[in-house]
Amino acid sequence: TIGITCYPDQGGSGVVATELGLHLARHGCEVHFITSSLPFRLRSYIENIFFHEVELPDYPVFRSSPYTLSLATAMQDVAKKFSLDILHVHYAIPHAASAFLAKEMLQPTKLKIITTLHGTDITLVGQEPSFFPMTRFLIEKSDAVTAVSDFLKQETRRVFGVGDDIQVIPNFVDSRVFKPIPNSELRLEFAPHGEKLLLHASNFRKVKNIPAVIDVFNLVSKKSNARLLMVGDGPEMPETKKRVSDLGLAHRVDFLGKEDHLERILPVADVLLLPSLHESFGLVALEAMACGVVPVVTSVGGASEFINDGHNGFLRAPDDVDGMAETIVNIFENDDHRQILSEYARQDATMDFGASCVMRQYLDLYESLL
């Protein structure tokens, strides 16, 4: 019996945690999601999966609701009622803190806490002075810690001086869901005149380097009959739309907003562009590869652990706007080469990072703890 806590929105950590729960349920595990709202990939009733919403009190004495404490209480309550064996939290702050408090409230208990590090909880949030000692403490107090890439493990060791025993379990993709869609009618809607399609999907935060996406497409559009699909939403959206308008690109850019069914959108693209300032993994790139889309992704971070530059995609420095644009134009102009890249991308994504392979690693970890 496993409890899972994650951010329920469209960020990579929430996606991975939800998909993990879905696959665990199919393996016969009883899975309890303890989150602030229903994770967006839990669309309907699923056998062996239960949802517990964290109630947030609204008292005038609090400037903001004490989510960490409310979550800890909910975790303790669910763990006690349903005899949880494992509490698996995704993203260290604040979820691992709540799990630690819940376990302390349950003492004596056999409950085990696993913390999965996803990226910005270490590279950004955890390095804030007000969170640094807490993040290090929670890593040390977890019964097991995993990281989604070797890059993230090494970054954790470098920054916090702990984590030698962190286990690297990569993100994964369900190839039954993320797959090519030949002769897609949706593609005809976006590219009625045979345009090439470049796609970017993210939470539109500064780390995603959105200005580079627009600058790259601006160069690509001068040499190719192409359109840009922007999937997602976030704080950088207003400035992004203004820049698109200022460059006279509005008629060639489609803003699709948040998309719950990314598996329907990704296959229409020829190339995915993800020029982030850093990516601890880059799950959307792996999902794109499974759909046969060629990824052009930042070289800073963990993407090199599944993208072999020039073989199944391309790695470029986040400030190399000219290099990214040139690479994309070359892909657009040589369809035979793009098809070869596409086949290698899908093959490598589904063989090495398929759900069943990675699930076995999580199940082995659970069994070893118990």
# chains A, B, ... in the order shown; residues from 1 in each chain; ligands from 1
call {"tool": "residues_around", "arguments": {"residues": "Thr1 of chain A", "least_positions_apart": "2", "cutoff": "7 Å", "atoms": "only C-alpha atoms", "output": "PyMOL selection string"}}
result
chain A and resi 3+29-31+84-86
call {"tool": "write_last_selection", "arguments": {"atoms": "all heavy atoms", "output": "mmCIF file, in the first residue's frame"}}
result
data_model
loop_
_atom_site.group_PDB
_atom_site.id
_atom_site.type_symbol
_atom_site.label_atom_id
_atom_site.label_comp_id
_atom_site.auth_asym_id
_atom_site.auth_seq_id
_atom_site.Cartn_x
_atom_site.Cartn_y
_atom_site.Cartn_z
ATOM 1 N N GLY A 3 1.435 5.490 -0.552
ATOM 2 C CA GLY A 3 0.940 6.850 -0.638
ATOM 3 C C GLY A 3 1.846 7.660 -1.538
ATOM 4 O O GLY A 3 3.068 7.517 -1.476
ATOM 5 N N CYS A 29 -0.743 -2.920 -6.810
ATOM 6 C CA CYS A 29 -0.535 -2.132 -5.593
ATOM 7 C C CYS A 29 -1.775 -1.276 -5.311
ATOM 8 O O CYS A 29 -2.488 -0.872 -6.231
ATOM 9 C CB CYS A 29 0.681 -1.208 -5.745
ATOM 10 S SG CYS A 29 2.249 -2.054 -6.014
ATOM 11 N N GLU A 30 -2.008 -1.001 -4.041
ATOM 12 C CA GLU A 30 -3.049 -0.053 -3.646
ATOM 13 C C GLU A 30 -2.383 1.310 -3.503
ATOM 14 O O GLU A 30 -1.451 1.469 -2.713
ATOM 15 C CB GLU A 30 -3.682 -0.491 -2.335
ATOM 16 C CG GLU A 30 -4.852 0.385 -1.892
ATOM 17 C CD GLU A 30 -5.468 -0.111 -0.595
ATOM 18 O OE1 GLU A 30 -5.879 -1.287 -0.548
ATOM 19 O OE2 GLU A 30 -5.504 0.683 0.377
ATOM 20 N N VAL A 31 -2.838 2.284 -4.278
ATOM 21 C CA VAL A 31 -2.163 3.577 -4.358
ATOM 22 C C VAL A 31 -3.093 4.687 -3.860
ATOM 23 O O VAL A 31 -4.230 4.804 -4.324
ATOM 24 C CB VAL A 31 -1.715 3.883 -5.805
ATOM 25 C CG1 VAL A 31 -1.014 5.238 -5.879
ATOM 26 C CG2 VAL A 31 -0.794 2.779 -6.328
ATOM 27 N N LEU A 84 -0.444 2.337 5.296
ATOM 28 C CA LEU A 84 0.536 2.540 4.217
ATOM 29 C C LEU A 84 1.865 1.880 4.575
ATOM 30 O O LEU A 84 2.325 1.942 5.714
ATOM 31 C CB LEU A 84 0.767 4.036 3.981
ATOM 32 C CG LEU A 84 -0.388 4.890 3.452
ATOM 33 C CD1 LEU A 84 0.108 6.301 3.139
ATOM 34 C CD2 LEU A 84 -1.041 4.272 2.231
ATOM 35 N N ASP A 85 2.467 1.258 3.581
ATOM 36 C CA ASP A 85 3.818 0.713 3.749
ATOM 37 C C ASP A 85 4.862 1.764 3.387
ATOM 38 O O ASP A 85 5.917 1.864 4.021
ATOM 39 C CB ASP A 85 4.012 -0.511 2.842
ATOM 40 C CG ASP A 85 3.032 -1.621 3.155
ATOM 41 O OD1 ASP A 85 3.032 -2.078 4.310
ATOM 42 O OD2 ASP A 85 2.269 -2.014 2.252
ATOM 43 N N ILE A 86 4.552 2.534 2.347
ATOM 44 C CA ILE A 86 5.517 3.507 1.811
ATOM 45 C C ILE A 86 4.803 4.814 1.532
ATOM 46 O O ILE A 86 3.666 4.827 1.035
ATOM 47 C CB ILE A 86 6.160 2.977 0.503
ATOM 48 C CG1 ILE A 86 7.120 1.827 0.813
ATOM 49 C CG2 ILE A 86 6.887 4.076 -0.255
ATOM 50 C CD1 ILE A 86 7.622 1.093 -0.408
#
call {"tool": "residues_around", "arguments": {"residues": "Pro267 of chain A", "least_positions_apart": "3", "cutoff": "6 Å", "atoms": "only C-alpha atoms", "output": "PyMOL selection string"}}
result
chain A and resi 180-181+291
call {"tool": "write_last_selection", "arguments": {"atoms": "N, CA, C and O atoms", "output": "mmCIF file, in the first residue's frame"}}
result
data_model
loop_
_atom_site.group_PDB
_atom_site.id
_atom_site.type_symbol
_atom_site.label_atom_id
_atom_site.label_comp_id
_atom_site.auth_asym_id
_atom_site.auth_seq_id
_atom_site.Cartn_x
_atom_site.Cartn_y
_atom_site.Cartn_z
ATOM 1 N N PRO A 180 3.562 7.703 -32.513
ATOM 2 C CA PRO A 180 3.265 8.462 -33.734
ATOM 3 C C PRO A 180 1.819 8.278 -34.157
ATOM 4 O O PRO A 180 1.210 7.231 -33.917
ATOM 5 N N ILE A 181 1.266 9.315 -34.790
ATOM 6 C CA ILE A 181 -0.085 9.249 -35.349
ATOM 7 C C ILE A 181 0.020 9.565 -36.843
ATOM 8 O O ILE A 181 0.063 10.742 -37.227
ATOM 9 N N CYS A 291 6.931 9.777 -29.640
ATOM 10 C CA CYS A 291 5.969 10.092 -30.702
ATOM 11 C C CYS A 291 6.639 10.251 -32.062
ATOM 12 O O CYS A 291 5.977 10.598 -33.048
#
call {"tool": "closest_residue", "arguments": {"among": "A:Pro39, A:Phe33, A:Ala303, A:Glu19", "to": "Val78 of chain A", "atoms": "only C-alpha atoms"}}
result
A:Phe33
call {"tool": "residues_around", "arguments": {"residues": "His261 of chain A", "least_positions_apart": "4", "cutoff": "12 Å", "atoms": "only C-alpha atoms", "output": "list in words"}}
result
Gln10, Val15, Phe40, Arg41, Leu42, Arg43, Val177, Phe178, Val231, Gly232, Leu256, Gly257, Ile265, Leu266, Pro267 and Glu287 of chain A
call {"tool": "closest_residue", "arguments": {"among": "A:Leu283, A:Glu55, A:Leu197, A:Pro133", "to": "Gly14 of chain A", "atoms": "only C-alpha atoms"}}
result
A:Leu283
call {"tool": "select_by_dssp", "arguments": {"residues": "segment 116-333 of chain A", "states": "strand (DSSP E)", "output": "number ranges by chain"}}
result
A: 116-117, 144-147, 167-168, 196-202, 226-232, 253-257, 271-274, 294-298, 314-316
call {"tool": "closest_atom_pairs", "arguments": {"of": "segment 214-311 of chain A", "to": "segment 335-344 of chain A", "cutoff": "9 Å", "atoms": "only C-alpha atoms", "output": "Markdown table"}}
result
| residue | atom | partner | partner_atom | distance |
| --- | --- | --- | --- | --- |
| A:Asp270 | CA | A:Arg338 | CA | 8.0 |
| A:Met289 | CA | A:Ser342 | CA | 7.2 |
| A:Ala290 | CA | A:Ser342 | CA | 8.9 |
| A:Cys291 | CA | A:Ser342 | CA | 8.4 |
| A:Gly292 | CA | A:Ser342 | CA | 4.6 |
| A:Val293 | CA | A:Ser342 | CA | 5.7 |
| A:Val294 | CA | A:Ser342 | CA | 5.6 |
| A:Gly310 | CA | A:Leu341 | CA | 8.0 |
| A:His311 | CA | A:Leu341 | CA | 6.3 |
call {"tool": "select_by_dssp", "arguments": {"residues": "segment 278-340 of chain A", "states": "helix (DSSP H, G or I)", "output": "PyMOL selection string"}}
result
chain A and resi 283-290+303-305+321-333+335-340
call {"tool": "residues_around", "arguments": {"residues": "Gly301 of chain A", "least_positions_apart": "6", "cutoff": "6 Å", "atoms": "only C-alpha atoms", "output": "list in words"}}
result
His278, Glu279 and Ser280 of chain A
call {"tool": "write_last_selection", "arguments": {"atoms": "C-alpha atoms", "output": "mmCIF file, in the first residue's frame"}}
result
data_model
loop_
_atom_site.group_PDB
_atom_site.id
_atom_site.type_symbol
_atom_site.label_atom_id
_atom_site.label_comp_id
_atom_site.auth_asym_id
_atom_site.auth_seq_id
_atom_site.Cartn_x
_atom_site.Cartn_y
_atom_site.Cartn_z
ATOM 1 C CA HIS A 278 18.982 23.769 -17.589
ATOM 2 C CA GLU A 279 16.876 20.603 -17.506
ATOM 3 C CA SER A 280 17.471 17.962 -14.873
#
call {"tool": "residues_around", "arguments": {"residues": "Ala97 of chain A", "least_positions_apart": "2", "cutoff": "10 Å", "atoms": "only C-alpha atoms", "output": "mmCIF file with N, CA and C atoms, in the first residue's frame"}}
result
data_model
loop_
_atom_site.group_PDB
_atom_site.id
_atom_site.type_symbol
_atom_site.label_atom_id
_atom_site.label_comp_id
_atom_site.auth_asym_id
_atom_site.auth_seq_id
_atom_site.Cartn_x
_atom_site.Cartn_y
_atom_site.Cartn_z
ATOM 1 N N THR A 68 2.033 22.935 4.321
ATOM 2 C CA THR A 68 2.935 21.874 4.776
ATOM 3 C C THR A 68 2.355 21.135 5.976
ATOM 4 N N LEU A 69 1.771 21.862 6.914
ATOM 5 C CA LEU A 69 1.202 21.249 8.111
ATOM 6 C C LEU A 69 -0.095 20.498 7.791
ATOM 7 N N LEU A 71 -0.826 19.159 4.956
ATOM 8 C CA LEU A 71 -0.423 17.968 4.211
ATOM 9 C C LEU A 71 0.097 16.892 5.157
ATOM 10 N N ALA A 72 0.892 17.287 6.137
ATOM 11 C CA ALA A 72 1.432 16.327 7.108
ATOM 12 C C ALA A 72 0.296 15.631 7.857
ATOM 13 N N VAL A 89 7.182 10.638 -1.881
ATOM 14 C CA VAL A 89 6.944 12.057 -2.145
ATOM 15 C C VAL A 89 7.830 12.533 -3.292
ATOM 16 N N ALA A 92 11.221 17.732 -3.134
ATOM 17 C CA ALA A 92 11.637 17.724 -1.734
ATOM 18 C C ALA A 92 10.883 18.735 -0.862
ATOM 19 N N ILE A 93 10.805 19.976 -1.336
ATOM 20 C CA ILE A 93 10.159 21.034 -0.546
ATOM 21 C C ILE A 93 8.794 21.333 -1.134
ATOM 22 N N PRO A 94 7.704 21.255 -0.353
ATOM 23 C CA PRO A 94 7.653 20.927 1.074
ATOM 24 C C PRO A 94 7.272 19.470 1.357
ATOM 25 N N HIS A 95 7.133 18.650 0.308
ATOM 26 C CA HIS A 95 6.504 17.333 0.487
ATOM 27 C C HIS A 95 7.290 16.420 1.417
ATOM 28 N N ALA A 99 6.104 14.713 4.979
ATOM 29 C CA ALA A 99 6.234 13.268 5.200
ATOM 30 C C ALA A 99 7.012 12.980 6.482
ATOM 31 N N PHE A 100 8.070 13.739 6.734
ATOM 32 C CA PHE A 100 8.861 13.574 7.952
ATOM 33 C C PHE A 100 7.991 13.819 9.189
ATOM 34 N N LEU A 101 7.205 14.891 9.165
ATOM 35 C CA LEU A 101 6.319 15.203 10.286
ATOM 36 C C LEU A 101 5.266 14.104 10.477
ATOM 37 N N ALA A 102 4.712 13.631 9.368
ATOM 38 C CA ALA A 102 3.697 12.579 9.457
ATOM 39 C C ALA A 102 4.269 11.317 10.086
ATOM 40 N N MET A 134 17.098 22.867 5.484
ATOM 41 C CA MET A 134 15.950 21.972 5.542
ATOM 42 C C MET A 134 16.021 20.919 4.437
ATOM 43 N N THR A 135 16.395 21.336 3.238
ATOM 44 C CA THR A 135 16.495 20.388 2.122
ATOM 45 C C THR A 135 17.533 19.320 2.425
ATOM 46 N N PHE A 137 18.589 18.334 5.379
ATOM 47 C CA PHE A 137 18.068 17.526 6.472
ATOM 48 C C PHE A 137 17.084 16.475 5.960
ATOM 49 N N LEU A 138 16.192 16.879 5.063
ATOM 50 C CA LEU A 138 15.154 15.969 4.570
ATOM 51 C C LEU A 138 15.740 14.872 3.690
ATOM 52 N N ILE A 139 16.780 15.191 2.926
ATOM 53 C CA ILE A 139 17.461 14.169 2.128
ATOM 54 C C ILE A 139 18.057 13.119 3.057
ATOM 55 N N LYS A 141 17.107 12.382 6.121
ATOM 56 C CA LYS A 141 16.108 11.698 6.934
ATOM 57 C C LYS A 141 15.206 10.752 6.125
ATOM 58 N N SER A 142 15.223 10.855 4.821
ATOM 59 C CA SER A 142 14.412 9.948 4.005
ATOM 60 C C SER A 142 15.001 8.542 4.078
#
call {"tool": "residues_around", "arguments": {"residues": "Glu185 of chain A", "least_positions_apart": "3", "cutoff": "12 Å", "atoms": "only C-alpha atoms", "output": "JSON, numbers by chain"}}
result
{"A": [181, 182, 188, 189, 190, 191, 192, 264, 265, 267, 268]}
call {"tool": "closest_residue", "arguments": {"among": "A:Arg252, A:Lys103, A:Arg243, A:Lys206", "to": "Pro275 of chain A", "atoms": "only C-alpha atoms"}}
result
A:Lys206
call {"tool": "closest_residue", "arguments": {"among": "A:Leu286, A:Leu219, A:Ile46, A:Val162", "to": "Gly323 of chain A", "atoms": "only C-alpha atoms"}}
result
A:Leu219
call {"tool": "closest_residue", "arguments": {"among": "A:Ile331, A:Leu111, A:Leu365, A:Ala288", "to": "Ser175 of chain A", "atoms": "only C-alpha atoms"}}
result
A:Ala288
call {"tool": "closest_residue", "arguments": {"among": "A:Val300, A:Ala355, A:Ala201, A:Met105", "to": "Asp254 of chain A", "atoms": "only C-alpha atoms"}}
result
A:Ala201
call {"tool": "atom_distance", "arguments": {"atom1": "atom CA of Glu263 of chain A", "atom2": "atom CA of Lys179 of chain A"}}
result
7.5 Å
call {"tool": "residues_around", "arguments": {"residues": "Gly163 of chain A", "least_positions_apart": "2", "cutoff": "12 Å", "atoms": "only C-alpha atoms", "output": "ChimeraX atom specification"}}
result
/A:115-117,122,135-147,150,152-161,165-168
call {"tool": "write_last_selection", "arguments": {"atoms": "N, CA and C atoms", "output": "mmCIF file, in the first residue's frame"}}
result
data_model
loop_
_atom_site.group_PDB
_atom_site.id
_atom_site.type_symbol
_atom_site.label_atom_id
_atom_site.label_comp_id
_atom_site.auth_asym_id
_atom_site.auth_seq_id
_atom_site.Cartn_x
_atom_site.Cartn_y
_atom_site.Cartn_z
ATOM 1 N N THR A 115 11.924 9.879 -1.093
ATOM 2 C CA THR A 115 11.876 11.205 -1.704
ATOM 3 C C THR A 115 12.488 11.128 -3.089
ATOM 4 N N THR A 116 11.727 11.540 -4.096
ATOM 5 C CA THR A 116 12.260 11.608 -5.459
ATOM 6 C C THR A 116 12.539 13.064 -5.807
ATOM 7 N N LEU A 117 13.787 13.319 -6.158
ATOM 8 C CA LEU A 117 14.218 14.658 -6.559
ATOM 9 C C LEU A 117 14.007 14.811 -8.068
ATOM 10 N N ILE A 122 16.087 21.014 -6.207
ATOM 11 C CA ILE A 122 17.501 21.014 -5.834
ATOM 12 C C ILE A 122 18.240 22.190 -6.455
ATOM 13 N N THR A 135 16.395 21.336 3.238
ATOM 14 C CA THR A 135 16.495 20.388 2.122
ATOM 15 C C THR A 135 17.533 19.320 2.425
ATOM 16 N N ARG A 136 18.677 19.719 2.928
ATOM 17 C CA ARG A 136 19.729 18.748 3.260
ATOM 18 C C ARG A 136 19.255 17.797 4.360
ATOM 19 N N PHE A 137 18.589 18.334 5.379
ATOM 20 C CA PHE A 137 18.068 17.526 6.472
ATOM 21 C C PHE A 137 17.084 16.475 5.960
ATOM 22 N N LEU A 138 16.192 16.879 5.063
ATOM 23 C CA LEU A 138 15.154 15.969 4.570
ATOM 24 C C LEU A 138 15.740 14.872 3.690
ATOM 25 N N ILE A 139 16.780 15.191 2.926
ATOM 26 C CA ILE A 139 17.461 14.169 2.128
ATOM 27 C C ILE A 139 18.057 13.119 3.057
ATOM 28 N N GLU A 140 18.680 13.581 4.141
ATOM 29 C CA GLU A 140 19.315 12.651 5.080
ATOM 30 C C GLU A 140 18.278 11.821 5.855
ATOM 31 N N LYS A 141 17.107 12.382 6.121
ATOM 32 C CA LYS A 141 16.108 11.698 6.934
ATOM 33 C C LYS A 141 15.206 10.752 6.125
ATOM 34 N N SER A 142 15.223 10.855 4.821
ATOM 35 C CA SER A 142 14.412 9.948 4.005
ATOM 36 C C SER A 142 15.001 8.542 4.078
ATOM 37 N N ASP A 143 14.133 7.538 4.016
ATOM 38 C CA ASP A 143 14.613 6.155 4.028
ATOM 39 C C ASP A 143 15.289 5.790 2.720
ATOM 40 N N ALA A 144 14.889 6.443 1.653
ATOM 41 C CA ALA A 144 15.550 6.281 0.359
ATOM 42 C C ALA A 144 15.328 7.549 -0.447
ATOM 43 N N VAL A 145 16.299 7.885 -1.286
ATOM 44 C CA VAL A 145 16.192 9.059 -2.147
ATOM 45 C C VAL A 145 16.527 8.630 -3.571
ATOM 46 N N THR A 146 15.698 9.058 -4.512
ATOM 47 C CA THR A 146 15.991 8.806 -5.917
ATOM 48 C C THR A 146 16.092 10.139 -6.647
ATOM 49 N N ALA A 147 16.785 10.118 -7.765
ATOM 50 C CA ALA A 147 16.899 11.285 -8.632
ATOM 51 C C ALA A 147 16.601 10.842 -10.058
ATOM 52 N N ASP A 150 21.416 11.209 -13.529
ATOM 53 C CA ASP A 150 22.712 11.213 -12.859
ATOM 54 C C ASP A 150 23.196 12.647 -12.662
ATOM 55 N N LEU A 152 21.378 15.163 -11.876
ATOM 56 C CA LEU A 152 20.741 15.684 -10.670
ATOM 57 C C LEU A 152 21.360 15.077 -9.416
ATOM 58 N N LYS A 153 21.712 13.805 -9.461
ATOM 59 C CA LYS A 153 22.378 13.179 -8.319
ATOM 60 C C LYS A 153 23.692 13.887 -8.025
ATOM 61 N N GLN A 154 24.491 14.110 -9.066
ATOM 62 C CA GLN A 154 25.795 14.757 -8.863
ATOM 63 C C GLN A 154 25.634 16.199 -8.395
ATOM 64 N N GLU A 155 24.595 16.875 -8.890
ATOM 65 C CA GLU A 155 24.330 18.253 -8.461
ATOM 66 C C GLU A 155 23.940 18.284 -6.983
ATOM 67 N N THR A 156 23.157 17.303 -6.554
ATOM 68 C CA THR A 156 22.759 17.215 -5.144
ATOM 69 C C THR A 156 23.969 16.991 -4.255
ATOM 70 N N ARG A 157 24.849 16.095 -4.667
ATOM 71 C CA ARG A 157 26.065 15.825 -3.892
ATOM 72 C C ARG A 157 26.957 17.062 -3.842
ATOM 73 N N ARG A 158 27.072 17.760 -4.977
ATOM 74 C CA ARG A 158 27.953 18.935 -5.038
ATOM 75 C C ARG A 158 27.436 20.068 -4.162
ATOM 76 N N VAL A 159 26.133 20.321 -4.241
ATOM 77 C CA VAL A 159 25.555 21.482 -3.549
ATOM 78 C C VAL A 159 25.364 21.227 -2.054
ATOM 79 N N PHE A 160 24.853 20.021 -1.711
ATOM 80 C CA PHE A 160 24.462 19.761 -0.331
ATOM 81 C C PHE A 160 25.458 18.889 0.429
ATOM 82 N N GLY A 161 26.397 18.280 -0.285
ATOM 83 C CA GLY A 161 27.389 17.452 0.393
ATOM 84 C C GLY A 161 26.821 16.177 0.969
ATOM 85 N N ASP A 165 24.268 7.801 -1.583
ATOM 86 C CA ASP A 165 23.476 6.599 -1.817
ATOM 87 C C ASP A 165 22.189 6.888 -2.591
ATOM 88 N N ILE A 166 22.078 8.073 -3.200
ATOM 89 C CA ILE A 166 20.923 8.369 -4.051
ATOM 90 C C ILE A 166 20.893 7.389 -5.223
ATOM 91 N N GLN A 167 19.733 6.830 -5.484
ATOM 92 C CA GLN A 167 19.570 5.906 -6.617
ATOM 93 C C GLN A 167 18.995 6.658 -7.804
ATOM 94 N N VAL A 168 19.628 6.542 -8.946
ATOM 95 C CA VAL A 168 19.129 7.185 -10.161
ATOM 96 C C VAL A 168 18.093 6.277 -10.812
#
call {"tool": "atom_distance", "arguments": {"atom1": "atom CA of Asp174 of chain A", "atom2": "atom CA of Ile49 of chain A"}}
result
18.3 Å
